[in-house]
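Chemist: Here it is, the structure in full.
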Amino acid sequence: MALLRKEPKSEPTEKWEAQLRKGCLELAILACLWEKRLYGLEILRGLEADSNLVLAEGTVYPILARLKEDGLLQSEWVEADAGHPRKYYWLTAPGRQKVVSMAQFWNGFAANLNSLLKPVLNGKGRS
Amino acid sequence: MTSNPTTSNQATSSQTSANQMIESYFAALSHQLADLPQAKRDEVVRELRAHVLDRLAQPTPPTSDDCRAVLKAMGTPEEIARQYRVELLLKRSAWKIAPWSVLRTLSRWTLTGIQGYIVFVIAMIGYTMGIALYITALFKPLFPHNIGMFVSDHAINLARFPDPPPGTEMLGAYYVPIAVAAGYLFTLVTTVSIRGIVRKFGRLKQKISGIAVSAY
């Protein structure tokens, strides 16, 4: 709650970044699972490989839980050498369809935005 | 490890405090998740504990510093629990046609803002109407002259004791099925409209919580 109240004070760019990150996280998680079934920490490692997508590791799990509730993921506890079982997730058929359509949307979206941003990033035009 | 008793003791005490740290973290998480069903809560704790144990798995026993770092990277139990609530519980009550589960969520929700309060008021009115209709339907056979749809010049009355309401009773024995249907309709419409609002604000809250994560 304290965090919630502090929220209006945060910088607008930070807000925007947080929203963007949150929106992308779902797609990133689903994409991680494209090749094979993974447990939470493996998914996180996949996300960490390049990104600042995840700020608090624990927040990946509620999203996984919801994706499962939505029927995009399925999960199973598997015994491991580590001494404790791990919960593995994999994409369901609707989940696979969803990632494909999200990925396609993202592609078009990013291409458009990138071409818009080119002049901004090149620093040309207005002096 | 055994060659130097001091180091050994330090390691042991550090391990103990590391374990305590983990235990208190998950106790807090479990407490924070109190509004999830027990089985769900246990599973969440089990899953996150596996994560922490995997993170701490290393050749040397983890120190309390390792532990602190791993738990810090996880986020606070409050934050994680809030995310679960946002992702799961609102959705759950958003889907169930179960007034009590909607009300349970909303009663927690009222604490969090004006929109929650408005929804709560709508819910109370809608469900009260629904329940009142059910009750009149139930008692109609016992008090056929006091309960019914009494239409007078000014108003429609459903019940009055000990004297019957003014006006003419319009429905007779048909009152029972009609009141049940109307009661159901009230409950349904209330639930569906709350569902819509909850979803809308649910999304809003997700946005806010996204920001809160970044603030953290």
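Just so we're on the same page: first chain in the structure tokens is A, next is B, and so on; residues restart at 1 for each chain, and ligands are numbered from 1 in the order they show up.
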Select from chain A every residue with an atom at most 6 Å from any atom of chain B, then for each give the shortest pair of atoms and their distance in Å to one decimal, using only C-alpha atoms, rows by chain and rising number, as JSON lines.
Modeler:
{"residue": "A:Leu3", "atom": "CA", "partner": "B:Ala212", "partner_atom": "CA", "distance": 5.6}
{"residue": "A:Lys15", "atom": "CA", "partner": "B:Ile211", "partner_atom": "CA", "distance": 5.6}
{"residue": "A:Ala18", "atom": "CA", "partner": "B:Ile211", "partner_atom": "CA", "distance": 5.3}
{"residue": "A:Ala56", "atom": "CA", "partner": "B:Gly75", "partner_atom": "CA", "distance": 4.9}
{"residue": "A:Glu57", "atom": "CA", "partner": "B:Met74", "partner_atom": "CA", "distance": 4.5}
{"residue": "A:Gly58", "atom": "CA", "partner": "B:Met74", "partner_atom": "CA", "distance": 4.4}
{"residue": "A:Thr59", "atom": "CA", "partner": "B:Ile80", "partner_atom": "CA", "distance": 5.7}
{"residue": "A:Pro62", "atom": "CA", "partner": "B:Tyr84", "partner_atom": "CA", "distance": 4.8}
{"residue": "A:Arg66", "atom": "CA", "partner": "B:Glu87", "partner_atom": "CA", "distance": 5.7}
Chemist: Env of Ala155 of chain B: 10 Å cut, atoms = only C-alpha atoms, seq-sep filter 5 positions within chain, self excluded. Answer as a ChimeraX atom specification.
Modeler: /B:150,166-167
Chemist: Smallest atom-to-atom distance to Arg86 of chain A: which of B:Val45, B:Ser193, B:Phe143, B:Leu171, using only C-alpha atoms?
Modeler: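 Distance minimum relative to Arg86 of chain A lands on B:Val45.
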Chemist: Report the residues of chain A whose backbone DSSP state falls under helix (DSSP H, G or I), written as JSON, numbers by chain.
Modeler: {"A": [2, 3, 4, 5, 6, 7, 8, 9, 12, 13, 14, 15, 16, 17, 18, 19, 20, 21, 22, 23, 24, 25, 26, 27, 28, 29, 30, 31, 32, 40, 41, 42, 43, 44, 45, 46, 47, 48, 57, 58, 59, 60, 61, 62, 63, 64, 65, 66, 67, 68, 69, 93, 94, 95, 96, 97, 98, 99, 100, 101, 102, 103, 104, 105, 106, 107, 108, 109, 110, 111, 112, 113, 114, 115, 116, 117, 118, 119, 120, 121, 122]}
Chemist: Kindly save the residues from that selection, with C-alpha atoms included, as a compact mmCIF listing (two decimals), in the first residue's frame.
Modeler:
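This went into selection-v7.txt:
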# COMPACT_ATOMS: atom_id res chain seq x y z
CA ALA A 2 2.80 2.35 0.84
CA LEU A 3 4.20 1.70 -2.60
CA LEU A 4 0.86 2.46 -4.16
CA ARG A 5 0.67 5.80 -2.46
CA LYS A 6 4.16 6.73 -3.51
CA GLU A 7 3.33 5.97 -7.10
CA PRO A 8 2.19 9.41 -8.33
CA LYS A 9 5.53 10.87 -7.36
CA PRO A 12 6.56 9.64 -15.94
CA THR A 13 9.24 7.82 -17.93
CA GLU A 14 9.62 5.28 -15.15
CA LYS A 15 5.90 4.68 -15.20
CA TRP A 16 5.97 4.18 -18.89
CA GLU A 17 8.91 1.80 -18.65
CA ALA A 18 7.19 -0.21 -15.96
CA GLN A 19 4.05 -0.56 -18.02
CA LEU A 20 5.97 -1.50 -21.10
CA ARG A 21 7.99 -4.03 -19.17
CA LYS A 22 4.90 -5.55 -17.67
CA GLY A 23 3.18 -5.84 -21.00
CA CYS A 24 6.19 -7.49 -22.58
CA LEU A 25 6.87 -9.83 -19.71
CA GLU A 26 3.92 -12.02 -20.51
CA LEU A 27 5.02 -12.47 -24.10
CA ALA A 28 8.61 -13.06 -23.01
CA ILE A 29 7.55 -15.77 -20.57
CA LEU A 30 5.44 -17.53 -23.18
CA ALA A 31 8.27 -17.26 -25.70
CA CYS A 32 10.74 -18.82 -23.24
CA GLY A 40 10.27 -20.90 -12.81
CA LEU A 41 13.96 -20.27 -12.26
CA GLU A 42 14.85 -21.52 -15.74
CA ILE A 43 12.29 -19.16 -17.21
CA LEU A 44 13.84 -16.35 -15.20
CA ARG A 45 17.30 -17.25 -16.45
CA GLY A 46 15.93 -17.17 -19.97
CA LEU A 47 14.52 -13.72 -19.33
CA GLU A 48 17.67 -12.49 -17.65
CA GLU A 57 11.98 -12.31 -9.41
CA GLY A 58 8.98 -13.33 -7.35
CA THR A 59 6.62 -11.45 -9.62
CA VAL A 60 7.13 -13.95 -12.44
CA TYR A 61 5.22 -16.56 -10.46
CA PRO A 62 1.89 -14.74 -10.18
CA ILE A 63 2.00 -14.20 -13.94
CA LEU A 64 2.71 -17.88 -14.51
CA ALA A 65 -0.22 -18.71 -12.26
CA ARG A 66 -2.53 -16.49 -14.25
CA LEU A 67 -1.33 -17.78 -17.60
CA LYS A 68 -2.12 -21.22 -16.31
CA GLU A 69 -5.53 -20.11 -15.15
CA ALA A 93 -2.21 -25.72 -27.75
CA PRO A 94 -4.11 -22.44 -27.18
CA GLY A 95 -0.93 -21.13 -25.54
CA ARG A 96 1.11 -21.88 -28.65
CA GLN A 97 -1.46 -20.14 -30.83
CA LYS A 98 -1.44 -17.17 -28.50
CA VAL A 99 2.37 -16.77 -28.57
CA VAL A 100 2.36 -16.93 -32.36
CA SER A 101 -0.26 -14.23 -32.67
CA MET A 102 1.39 -12.10 -29.98
CA ALA A 103 4.77 -12.48 -31.69
CA GLN A 104 3.30 -11.49 -35.04
CA PHE A 105 1.64 -8.47 -33.53
CA TRP A 106 4.83 -7.49 -31.78
CA ASN A 107 6.81 -7.77 -35.00
CA GLY A 108 4.59 -5.40 -36.93
CA PHE A 109 4.27 -3.09 -33.97
CA ALA A 110 8.00 -2.90 -33.31
CA ALA A 111 8.82 -2.43 -37.00
CA ASN A 112 6.47 0.53 -37.23
CA LEU A 113 7.73 2.11 -34.07
CA ASN A 114 11.37 1.54 -34.99
CA SER A 115 10.98 3.29 -38.29
CA LEU A 116 9.29 6.17 -36.47
CA LEU A 117 12.13 6.33 -34.00
CA LYS A 118 14.92 6.23 -36.55
CA PRO A 119 15.15 10.00 -37.01
CA VAL A 120 14.93 10.56 -33.27
CA LEU A 121 17.77 8.18 -32.56
CA ASN A 122 19.91 9.42 -35.44
Chemist: Calculated over only C-alpha atoms, which of the candidates B:Leu158, B:Leu56, B:Asp35, B:Arg41 has the smallest distance to Ile22 of chain B?
Modeler: B:Leu56
Chemist: Find the distance between atom CA of His84 of chain A and atom CA of Ala18 of chain B and write it in Å to one decimal.
Modeler: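 Rounded to one decimal, the two atoms are 18.0 Å apart.
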